[in-house]
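One file, run.cif, is given below (mmCIF, C-alpha atoms).
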```
data_run
#
loop_
_atom_site.label_atom_id
_atom_site.label_comp_id
_atom_site.auth_asym_id
_atom_site.auth_seq_id
_atom_site.Cartn_x
_atom_site.Cartn_y
_atom_site.Cartn_z
CA MET B 1 -35.32 -22.12 -8.87
CA THR B 2 -37.40 -18.95 -9.11
CA GLN B 3 -35.48 -15.97 -10.48
CA HIS B 4 -34.88 -13.10 -8.06
CA CYS B 5 -33.07 -9.79 -7.82
CA ILE B 6 -30.23 -9.98 -5.30
CA ALA B 7 -28.30 -6.93 -4.13
CA ILE B 8 -24.58 -7.29 -3.45
CA ALA B 9 -22.94 -4.78 -1.12
CA ALA B 10 -19.17 -4.52 -1.48
CA GLY B 11 -16.55 -1.91 -2.06
CA GLY B 12 -13.13 -0.65 -1.13
CA THR B 13 -10.30 -3.11 -1.54
CA GLY B 14 -10.10 -6.17 -3.74
CA GLY B 15 -10.26 -8.32 -0.62
CA HIS B 16 -13.92 -7.35 -0.28
CA PHE B 17 -14.70 -7.01 -3.97
CA PHE B 18 -13.20 -10.20 -5.44
CA PRO B 19 -15.48 -12.54 -3.43
CA ALA B 20 -18.46 -10.33 -4.31
CA GLU B 21 -17.66 -10.72 -8.01
CA ALA B 22 -17.26 -14.47 -7.63
CA LEU B 23 -20.69 -14.77 -5.99
CA ALA B 24 -22.24 -12.47 -8.59
CA CYS B 25 -20.95 -14.70 -11.40
CA GLU B 26 -22.49 -17.75 -9.73
CA LEU B 27 -25.84 -16.03 -9.15
CA VAL B 28 -26.01 -14.82 -12.75
CA ARG B 29 -25.16 -18.33 -13.94
CA ARG B 30 -28.19 -19.53 -12.00
CA GLY B 31 -30.44 -17.00 -13.72
CA HIS B 32 -30.76 -14.37 -10.98
CA ASP B 33 -30.62 -10.63 -11.54
CA ILE B 34 -28.01 -8.76 -9.52
CA MET B 35 -27.42 -5.18 -8.49
CA LEU B 36 -24.32 -3.63 -6.93
CA MET B 37 -24.32 -1.24 -4.00
CA THR B 38 -20.82 0.10 -3.40
CA ASP B 39 -18.76 3.07 -2.23
CA GLN B 40 -16.89 5.86 -3.93
CA ARG B 41 -13.54 4.06 -3.73
CA ALA B 42 -14.84 1.20 -5.85
CA GLY B 43 -17.11 3.38 -7.98
CA GLY B 44 -19.09 2.14 -10.95
CA ARG B 45 -17.89 -0.97 -12.76
CA ASN B 46 -17.56 -0.78 -16.53
CA SER B 47 -16.24 -4.31 -16.95
CA GLY B 48 -16.83 -7.68 -15.40
CA VAL B 49 -20.07 -9.19 -14.16
CA PHE B 50 -21.51 -5.90 -12.88
CA ALA B 51 -21.06 -4.02 -16.17
CA GLY B 52 -24.39 -2.98 -17.64
CA ARG B 53 -26.30 -3.88 -14.47
CA GLN B 54 -27.78 -1.61 -11.85
CA GLN B 55 -25.08 0.01 -9.72
CA PHE B 56 -25.44 2.48 -6.89
CA VAL B 57 -22.52 4.41 -5.38
CA LEU B 58 -23.36 5.42 -1.81
CA PRO B 59 -21.66 7.88 0.55
CA GLY B 60 -19.86 6.50 3.56
CA ALA B 61 -16.53 6.20 5.30
CA GLY B 62 -14.89 4.02 7.92
CA ILE B 63 -15.08 5.19 11.52
CA ALA B 64 -12.49 2.95 13.23
CA GLY B 65 -9.16 4.60 14.01
CA ARG B 66 -10.26 8.14 13.19
CA GLY B 67 -10.20 11.22 15.38
CA LEU B 68 -13.40 12.66 16.79
CA VAL B 69 -13.99 15.14 13.96
CA ARG B 70 -13.27 12.68 11.16
CA ALA B 71 -15.25 9.95 12.89
CA SER B 72 -18.23 12.31 13.20
CA ARG B 73 -18.04 13.16 9.51
CA ALA B 74 -17.78 9.46 8.64
CA ALA B 75 -20.82 8.68 10.78
CA LEU B 76 -22.83 11.39 9.00
CA ALA B 77 -21.75 10.03 5.61
CA LEU B 78 -22.85 6.54 6.64
CA ALA B 79 -26.19 7.94 7.79
CA ARG B 80 -26.71 9.65 4.43
CA GLY B 81 -25.72 6.47 2.62
CA THR B 82 -28.12 4.44 4.74
CA MET B 83 -31.07 6.66 3.93
CA GLN B 84 -30.21 6.65 0.22
CA ALA B 85 -29.92 2.86 0.31
CA ARG B 86 -33.26 2.56 2.11
CA GLY B 87 -34.95 4.49 -0.67
CA ILE B 88 -33.28 2.47 -3.43
CA ILE B 89 -34.09 -0.87 -1.81
CA GLY B 90 -37.66 0.17 -1.10
CA ARG B 91 -38.12 1.07 -4.77
CA ILE B 92 -36.38 -1.90 -6.40
CA ARG B 93 -37.39 -4.51 -3.81
CA PRO B 94 -34.54 -7.03 -4.08
CA ALA B 95 -35.31 -10.37 -2.49
CA ALA B 96 -32.01 -10.41 -0.59
CA ILE B 97 -28.96 -8.31 0.19
CA ILE B 98 -25.57 -9.78 0.98
CA GLY B 99 -22.67 -7.69 2.25
CA PHE B 100 -18.98 -8.57 2.23
CA GLY B 101 -17.76 -6.59 5.21
CA GLY B 102 -16.26 -3.16 5.75
CA TYR B 103 -18.18 0.07 5.93
CA PRO B 104 -19.58 -0.20 2.34
CA SER B 105 -21.81 -3.01 3.60
CA VAL B 106 -23.40 -0.91 6.31
CA PRO B 107 -25.68 1.47 4.34
CA PRO B 108 -27.31 -1.22 2.13
CA LEU B 109 -27.88 -3.73 4.93
CA LEU B 110 -28.91 -1.20 7.54
CA GLY B 111 -31.08 0.57 4.97
CA GLY B 112 -32.79 -2.71 4.14
CA TRP B 113 -33.32 -3.50 7.81
CA LEU B 114 -34.90 -0.08 8.40
CA LEU B 115 -37.65 -0.84 5.89
CA GLY B 116 -39.41 -2.91 8.54
CA LYS B 117 -40.48 -6.52 8.55
CA SER B 118 -43.22 -6.23 5.94
CA ARG B 119 -40.91 -4.81 3.24
CA ARG B 120 -37.51 -6.02 4.41
CA PRO B 121 -35.45 -8.25 2.08
CA LEU B 122 -33.46 -11.15 3.44
CA LEU B 123 -30.22 -9.85 4.91
CA PHE B 124 -26.91 -11.75 4.89
CA ILE B 125 -23.27 -11.00 5.58
CA HIS B 126 -20.15 -12.88 4.58
CA GLU B 127 -17.23 -12.78 7.01
CA GLY B 128 -13.91 -13.44 5.33
CA ASN B 129 -11.77 -13.43 8.46
CA ALA B 130 -11.38 -15.59 11.54
CA VAL B 131 -12.59 -12.65 13.66
CA LEU B 132 -15.85 -10.84 12.95
CA GLY B 133 -14.99 -7.37 11.67
CA LYS B 134 -16.38 -4.21 13.26
CA ALA B 135 -18.89 -3.48 10.50
CA ASN B 136 -20.08 -7.07 10.41
CA GLY B 137 -20.16 -7.15 14.20
CA PHE B 138 -22.51 -4.17 14.17
CA LEU B 139 -24.74 -5.71 11.51
CA ALA B 140 -24.71 -9.35 12.67
CA PRO B 141 -27.57 -9.28 15.22
CA ARG B 142 -29.90 -7.92 12.52
CA MET B 143 -29.02 -10.52 9.88
CA ASP B 144 -30.96 -13.53 8.64
CA GLY B 145 -27.73 -15.46 8.16
CA ILE B 146 -23.95 -15.27 8.32
CA ALA B 147 -21.59 -17.06 5.96
CA THR B 148 -18.05 -17.68 7.18
CA SER B 149 -14.71 -18.52 5.62
CA PHE B 150 -13.32 -20.25 8.70
CA PRO B 151 -14.87 -23.05 10.77
CA THR B 152 -14.49 -20.92 13.90
CA VAL B 153 -15.03 -17.15 13.83
CA ALA B 154 -14.62 -15.13 17.00
CA GLY B 155 -17.35 -12.63 17.78
CA VAL B 156 -20.30 -14.24 15.96
CA PRO B 157 -23.41 -13.60 18.07
CA ALA B 158 -25.52 -16.48 19.30
CA GLY B 159 -28.85 -17.05 17.62
CA VAL B 160 -27.95 -15.97 14.08
CA PRO B 161 -27.82 -18.91 11.60
CA THR B 162 -24.21 -19.41 10.51
CA THR B 163 -22.99 -21.41 7.51
CA LEU B 164 -19.41 -22.32 6.66
CA THR B 165 -19.06 -21.60 2.94
CA GLY B 166 -15.44 -20.58 2.60
CA MET B 167 -14.30 -17.44 0.81
CA PRO B 168 -15.43 -17.16 -2.83
CA VAL B 169 -12.42 -16.72 -5.08
CA ARG B 170 -12.20 -15.65 -8.68
CA PRO B 171 -13.02 -18.48 -11.14
CA ASP B 172 -9.46 -18.56 -12.50
CA ILE B 173 -8.16 -19.02 -8.94
CA ALA B 174 -10.80 -21.66 -8.14
CA ALA B 175 -9.60 -23.60 -11.19
CA LEU B 176 -6.27 -24.16 -9.40
CA GLY B 177 -7.97 -26.36 -6.80
CA GLY B 178 -6.71 -29.91 -6.98
CA GLU B 179 -3.81 -29.22 -9.34
CA GLY B 180 -1.28 -30.11 -6.66
CA TYR B 181 2.15 -28.78 -5.74
CA GLU B 182 5.35 -29.62 -7.60
CA PRO B 183 8.46 -29.35 -5.39
CA SER B 184 11.41 -27.63 -7.02
CA ASN B 185 14.28 -29.62 -8.44
CA GLY B 186 16.08 -26.47 -9.54
CA VAL B 187 14.70 -22.96 -9.73
CA LEU B 188 12.84 -21.75 -6.64
CA ASN B 189 9.99 -19.43 -7.55
CA LEU B 190 9.28 -16.96 -4.72
CA LEU B 191 6.13 -14.85 -4.92
CA VAL B 192 5.94 -11.75 -2.70
CA TRP B 193 2.63 -9.91 -2.59
CA GLY B 194 1.43 -7.26 -0.20
CA GLY B 195 -1.42 -5.26 -1.66
CA SER B 196 -1.41 -1.50 -2.08
CA LEU B 197 -1.59 -0.84 1.67
CA GLY B 198 0.93 -3.33 2.94
CA ALA B 199 3.66 -3.73 0.32
CA ARG B 200 6.22 -1.23 1.69
CA VAL B 201 7.64 -3.46 4.42
CA PHE B 202 8.30 -6.22 1.90
CA SER B 203 10.21 -3.77 -0.31
CA ASP B 204 12.32 -2.79 2.69
CA VAL B 205 13.02 -6.26 4.07
CA VAL B 206 12.80 -9.00 1.44
CA PRO B 207 15.54 -7.94 -1.03
CA GLU B 208 18.07 -7.47 1.79
CA ALA B 209 17.10 -10.82 3.32
CA LEU B 210 17.42 -12.70 0.02
CA ALA B 211 20.78 -11.09 -0.73
CA ALA B 212 22.13 -12.59 2.50
CA LEU B 213 21.08 -16.18 1.73
CA PRO B 214 23.79 -18.81 1.20
CA PRO B 215 25.14 -18.42 -2.37
CA ALA B 216 23.99 -21.85 -3.54
CA LEU B 217 20.44 -21.16 -2.41
CA ARG B 218 20.42 -17.60 -3.69
CA ALA B 219 21.51 -18.81 -7.13
CA ARG B 220 18.31 -20.86 -7.45
CA LEU B 221 15.90 -17.99 -6.78
CA GLN B 222 13.46 -16.40 -9.20
CA VAL B 223 11.43 -13.63 -7.54
CA THR B 224 8.16 -11.96 -8.48
CA GLN B 225 7.33 -9.14 -6.08
CA GLN B 226 4.57 -6.60 -5.75
CA ALA B 227 5.80 -3.15 -4.75
CA ARG B 228 4.42 0.34 -4.65
CA ALA B 229 5.13 2.30 -7.82
CA GLU B 230 7.54 4.61 -6.01
CA ASP B 231 9.51 1.59 -4.72
CA VAL B 232 9.79 -0.43 -7.93
CA ALA B 233 13.09 1.05 -9.13
CA ARG B 234 14.95 0.65 -5.82
CA VAL B 235 13.67 -2.91 -5.29
CA GLN B 236 14.67 -3.89 -8.83
CA ALA B 237 18.11 -2.34 -8.28
CA ALA B 238 18.57 -4.26 -5.01
CA TYR B 239 17.86 -7.57 -6.71
CA LYS B 240 20.16 -6.72 -9.62
CA THR B 241 22.98 -5.98 -7.19
CA ALA B 242 22.36 -9.30 -5.46
CA GLY B 243 22.31 -11.16 -8.79
CA ILE B 244 18.75 -12.43 -8.24
CA PRO B 245 16.43 -12.52 -11.29
CA ALA B 246 13.30 -10.58 -10.30
CA THR B 247 10.13 -9.12 -11.76
CA ILE B 248 8.83 -6.15 -9.76
CA ALA B 249 5.46 -4.50 -10.42
CA PRO B 250 2.81 -2.44 -8.59
CA PHE B 251 0.11 -4.84 -9.77
CA LEU B 252 0.31 -8.55 -10.45
CA ASP B 253 -1.68 -9.31 -13.59
CA ASP B 254 -1.51 -13.10 -13.80
CA VAL B 255 -2.13 -14.14 -10.21
CA PRO B 256 -3.32 -17.67 -11.13
CA GLY B 257 -0.18 -18.30 -13.16
CA LEU B 258 2.06 -16.89 -10.46
CA LEU B 259 0.43 -19.03 -7.78
CA ARG B 260 0.70 -22.11 -9.97
CA ALA B 261 4.44 -21.55 -10.38
CA ALA B 262 5.20 -20.46 -6.79
CA HIS B 263 7.14 -22.72 -4.44
CA LEU B 264 6.69 -20.27 -1.53
CA VAL B 265 4.62 -17.14 -1.04
CA ILE B 266 5.43 -14.26 1.30
CA GLY B 267 2.57 -11.89 2.01
CA ARG B 268 -0.17 -10.51 4.18
CA ALA B 269 -2.95 -12.57 5.71
CA GLY B 270 -6.14 -10.92 4.49
CA GLY B 271 -9.17 -13.15 4.07
CA SER B 272 -9.00 -13.26 0.27
CA SER B 273 -5.25 -13.82 0.23
CA VAL B 274 -5.30 -16.80 2.58
CA ALA B 275 -8.30 -18.26 0.74
CA GLU B 276 -6.43 -18.06 -2.57
CA LEU B 277 -3.35 -19.65 -1.01
CA ALA B 278 -5.46 -22.50 0.35
CA VAL B 279 -7.30 -23.11 -2.91
CA ALA B 280 -4.01 -23.11 -4.82
CA GLY B 281 -2.37 -25.24 -2.12
CA ARG B 282 0.73 -23.09 -1.69
CA PRO B 283 2.95 -22.81 1.40
CA ALA B 284 3.21 -19.28 2.74
CA LEU B 285 5.12 -17.14 5.17
CA LEU B 286 2.51 -14.69 6.44
CA VAL B 287 3.11 -11.24 7.93
CA PRO B 288 -0.25 -9.96 9.29
CA LEU B 289 -1.01 -6.29 8.71
CA PRO B 290 -0.51 -4.76 12.16
CA ILE B 291 -3.07 -1.97 11.85
CA ALA B 292 -6.12 -4.23 11.43
CA ALA B 293 -8.75 -3.10 13.92
CA ARG B 294 -9.32 -6.50 15.54
CA ASP B 295 -6.14 -8.24 14.40
CA GLU B 296 -8.18 -10.14 11.84
CA GLN B 297 -5.09 -10.96 9.80
CA GLY B 298 -3.32 -12.33 12.84
CA ALA B 299 -6.26 -14.64 13.49
CA ASN B 300 -6.32 -15.72 9.84
CA ALA B 301 -2.62 -16.50 9.84
CA GLN B 302 -2.86 -18.39 13.12
CA ALA B 303 -5.62 -20.58 11.71
CA LEU B 304 -3.31 -21.62 8.87
CA VAL B 305 -0.36 -22.07 11.21
CA ASP B 306 -2.43 -24.31 13.48
CA ALA B 307 -3.31 -26.45 10.45
CA GLY B 308 0.33 -26.77 9.41
CA ALA B 309 -0.44 -24.76 6.27
CA ALA B 310 1.75 -21.68 6.78
CA TRP B 311 4.26 -19.90 8.98
CA MET B 312 3.78 -16.50 10.58
CA ILE B 313 6.12 -13.64 11.48
CA ARG B 314 4.65 -10.61 13.21
CA GLN B 315 5.73 -7.36 11.57
CA PRO B 316 7.89 -6.09 14.49
CA ASP B 317 9.90 -9.32 14.12
CA PHE B 318 9.97 -9.18 10.32
CA THR B 319 13.56 -8.03 9.86
CA ALA B 320 16.04 -8.92 7.16
CA PRO B 321 18.24 -11.09 9.45
CA ALA B 322 15.21 -12.94 10.83
CA LEU B 323 13.82 -13.53 7.34
CA THR B 324 17.19 -14.74 6.05
CA GLN B 325 17.39 -17.27 8.86
CA ARG B 326 13.84 -18.50 8.28
CA LEU B 327 14.17 -18.76 4.50
CA THR B 328 17.51 -20.58 4.75
CA THR B 329 15.63 -23.37 6.49
CA LEU B 330 12.40 -23.31 4.47
CA LEU B 331 13.79 -23.01 0.95
CA ALA B 332 16.30 -25.79 1.53
CA ASP B 333 13.65 -28.29 2.67
CA ARG B 334 11.55 -29.30 -0.34
CA ASP B 335 9.71 -31.98 1.66
CA LEU B 336 8.65 -29.46 4.30
CA LEU B 337 7.35 -27.10 1.62
CA ALA B 338 5.42 -29.95 0.01
CA ARG B 339 3.85 -31.05 3.30
CA THR B 340 2.82 -27.48 4.07
CA ALA B 341 1.33 -27.13 0.58
CA GLN B 342 -0.72 -30.28 1.13
CA ALA B 343 -1.98 -28.93 4.46
CA ALA B 344 -2.96 -25.68 2.78
CA SER B 345 -4.87 -27.48 0.04
CA ARG B 346 -6.90 -29.36 2.65
CA LEU B 347 -8.21 -25.97 3.82
CA GLY B 348 -9.08 -24.79 0.31
CA ARG B 349 -12.71 -24.35 -0.72
CA PRO B 350 -12.78 -23.78 -4.48
CA ASP B 351 -16.57 -24.27 -4.43
CA ALA B 352 -17.20 -21.43 -1.93
CA ALA B 353 -19.18 -19.31 -4.41
CA ARG B 354 -21.50 -22.25 -5.06
CA LEU B 355 -21.98 -22.90 -1.35
CA LEU B 356 -22.70 -19.25 -0.65
CA ALA B 357 -25.24 -19.09 -3.47
CA ASP B 358 -26.84 -22.28 -2.10
CA MET B 359 -27.17 -20.65 1.33
CA ILE B 360 -28.94 -17.63 -0.14
CA GLU B 361 -31.20 -19.63 -2.45
CA ALA B 362 -32.30 -21.88 0.41
CA ARG B 363 -33.93 -18.87 2.08
CA LEU B 364 -35.41 -17.17 -0.98
CA PRO B 365 -39.22 -17.12 -1.37
CA ASP B 366 -40.96 -18.97 -4.19
CA THR B 367 -42.54 -15.77 -5.50
CA PRO B 368 -40.08 -13.96 -7.78
CA ARG B 369 -38.90 -10.44 -6.94
CA THR B 370 -36.94 -9.00 -9.86
CA ALA B 371 -35.65 -5.52 -10.49
#
```

The structure given in the file should be rewritten as structure tokens.
Amino acid sequence: MTQHCIAIAAGGTGGHFFPAEALACELVRRGHDIMLMTDQRAGGRNSGVFAGRQQFVLPGAGIAGRGLVRASRAALALARGTMQARGIIGRIRPAAIIGFGGYPSVPPLLGGWLLGKSRRPLLFIHEGNAVLGKANGFLAPRMDGIATSFPTVAGVPAGVPTTLTGMPVRPDIAALGGEGYEPSNGVLNLLVWGGSLGARVFSDVVPEALAALPPALRARLQVTQQARAEDVARVQAAYKTAGIPATIAPFLDDVPGLLRAAHLVIGRAGGSSVAELAVAGRPALLVPLPIAARDEQGANAQALVDAGAAWMIRQPDFTAPALTQRLTTLLADRDLLARTAQAASRLGRPDAARLLADMIEARLPDTPRTA
């Protein structure tokens, strides 16, 4: 395959950035040059696959859910970022740009589109949710192709080539694919993750719910829970009072190891999270983030529920008594957990980065365009 320069547009949260890194690793492995176009939240990368490569931090901000004044400022920032991106892309001439959703994708892809047909690179987006996000919905009609994580994605416009690739996950997560699920014969490992934005409700609800479990079930628990830094001490104290061994931290360092050990996961339903659960083949109780603009997390969770791969509780119903009741049933039924794990693994796509790279390469020209 001819070597090319490929621009990757991603920023903000890990849910957008982790799949971008996974694709970048695959493209570099195939001999392509890569460049990163990102936002100020993500900033420059001094480690990982993007370290030492061309990186461009562009202005921009999300518009959804903001007041008129803030939305106007965000729109101006996106316009400035778009014009900067147009100049960068026109100078470097990447063969393709792929964006991973959210407002950081808008300036690079819109800037590339504004170059006009004669100078325009190939333009792709990856949609990690079961509903096309607002930024991707705006960009989609202008794209040369859309990659999806789910077989059915609401809001995809007709006429744009769409390829099911799955969600690229980090190589150490992808390595979990096919390892299988070992039901517990003793200790029950419960993993609770929520991300920086959504962890508070788990700190409020989960310790109280676990403390109310039947004593025999509670005595088997081993909990690892992600919590905001300001909540760590009170969550740890709650588990100590309940006599439940627990590790509480703002960041989970060994996610592959934690997933491998987990018998049940409680968490949000972001695109990256559900993809990692599926690849690892782990049963999950999902609580979609209620502030998502198009209820993307609700759609993601429902897709897993429909496949028998997870359970869902909407946040207004996610109370300690309700969770105690649900967990009393789930944690006591090892066969149910195992069946749900198997259903999750059938949805997993550990080769998503390869499939996404294949989609891009299939459209690249034979003449090399390197940075």

Leaving out Phe18 (chain B) and any residue of its chain fewer than 2 positions from it, which residues lie within 10 Å of it when counting only C-alpha atoms, given as a list in words? Ala10, Gly11, Thr13, Gly14, Gly15, His16, Ala20, Glu21, Ala22, Leu23, Ala24, Phe100, Met167, Pro168, Val169, Arg170 and Ser272 of chain B

Within 12 Å of Arg339 (chain B), counting all atoms listed in the file, which residues show up once you throw out same-chain ones fewer than 4 positions away? Write them as a ChimeraX atom specification, please. /B:180-183,263,281-284,307-310,330,333-335,343-346

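Run against this file, the PyMOL selection byres ((chain B and resi 351-357) around 6) gives back B:Leu23, B:Thr165, B:Gly166, B:Met167, B:Pro168, B:Arg349, B:Pro350, B:Asp358, B:Met359, B:Ile360.
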
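Coordinates place CA of Ala51 (chain B) at a distance of 10.7 Å from CA of Ile34 (chain B).
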
Counting all atoms listed in the file, what is within 12 Å of Ala269 (chain B), bar same-chain residues fewer than 4 positions away, as a PDB file with C-alpha atoms, in the coordinates of the input?
```pdb
ATOM      1  CA  GLY B  15     -10.260  -8.320  -0.620  1.00  0.00           C
ATOM      2  CA  GLY B 128     -13.910 -13.440   5.330  1.00  0.00           C
ATOM      3  CA  ASN B 129     -11.770 -13.430   8.460  1.00  0.00           C
ATOM      4  CA  ALA B 130     -11.380 -15.590  11.540  1.00  0.00           C
ATOM      5  CA  TRP B 193       2.630  -9.910  -2.590  1.00  0.00           C
ATOM      6  CA  GLY B 194       1.430  -7.260  -0.200  1.00  0.00           C
ATOM      7  CA  GLY B 195      -1.420  -5.260  -1.660  1.00  0.00           C
ATOM      8  CA  GLY B 198       0.930  -3.330   2.940  1.00  0.00           C
ATOM      9  CA  VAL B 265       4.620 -17.140  -1.040  1.00  0.00           C
ATOM     10  CA  SER B 273      -5.250 -13.820   0.230  1.00  0.00           C
ATOM     11  CA  VAL B 274      -5.300 -16.800   2.580  1.00  0.00           C
ATOM     12  CA  ALA B 275      -8.300 -18.260   0.740  1.00  0.00           C
ATOM     13  CA  GLU B 276      -6.430 -18.060  -2.570  1.00  0.00           C
ATOM     14  CA  LEU B 277      -3.350 -19.650  -1.010  1.00  0.00           C
ATOM     15  CA  ALA B 278      -5.460 -22.500   0.350  1.00  0.00           C
ATOM     16  CA  ALA B 284       3.210 -19.280   2.740  1.00  0.00           C
ATOM     17  CA  LEU B 285       5.120 -17.140   5.170  1.00  0.00           C
ATOM     18  CA  LEU B 286       2.510 -14.690   6.440  1.00  0.00           C
ATOM     19  CA  VAL B 287       3.110 -11.240   7.930  1.00  0.00           C
ATOM     20  CA  PRO B 288      -0.250  -9.960   9.290  1.00  0.00           C
ATOM     21  CA  LEU B 289      -1.010  -6.290   8.710  1.00  0.00           C
ATOM     22  CA  PRO B 290      -0.510  -4.760  12.160  1.00  0.00           C
ATOM     23  CA  ALA B 292      -6.120  -4.230  11.430  1.00  0.00           C
ATOM     24  CA  ASP B 295      -6.140  -8.240  14.400  1.00  0.00           C
ATOM     25  CA  GLU B 296      -8.180 -10.140  11.840  1.00  0.00           C
ATOM     26  CA  GLN B 297      -5.090 -10.960   9.800  1.00  0.00           C
ATOM     27  CA  GLY B 298      -3.320 -12.330  12.840  1.00  0.00           C
ATOM     28  CA  ALA B 299      -6.260 -14.640  13.490  1.00  0.00           C
ATOM     29  CA  ASN B 300      -6.320 -15.720   9.840  1.00  0.00           C
ATOM     30  CA  ALA B 301      -2.620 -16.500   9.840  1.00  0.00           C
ATOM     31  CA  GLN B 302      -2.860 -18.390  13.120  1.00  0.00           C
ATOM     32  CA  ALA B 303      -5.620 -20.580  11.710  1.00  0.00           C
ATOM     33  CA  LEU B 304      -3.310 -21.620   8.870  1.00  0.00           C
ATOM     34  CA  VAL B 305      -0.360 -22.070  11.210  1.00  0.00           C
ATOM     35  CA  ALA B 310       1.750 -21.680   6.780  1.00  0.00           C
ATOM     36  CA  TRP B 311       4.260 -19.900   8.980  1.00  0.00           C
ATOM     37  CA  MET B 312       3.780 -16.500  10.580  1.00  0.00           C
ATOM     38  CA  ILE B 313       6.120 -13.640  11.480  1.00  0.00           C
ATOM     39  CA  ARG B 314       4.650 -10.610  13.210  1.00  0.00           C
ATOM     40  CA  GLN B 315       5.730  -7.360  11.570  1.00  0.00           C
TER      41      GLN B 315
END
```

Selected residue of minimal separation from Leu122 (chain B) among B:Arg234, B:Arg260, B:His32, B:His4, counting all atoms listed in the file: B:His4

Just checking: using all atoms listed in the file, which residue out of B:Ala135, B:Gly145, B:Ala79, B:Gly116 ends up closest to Ile98 (chain B)? B:Gly145
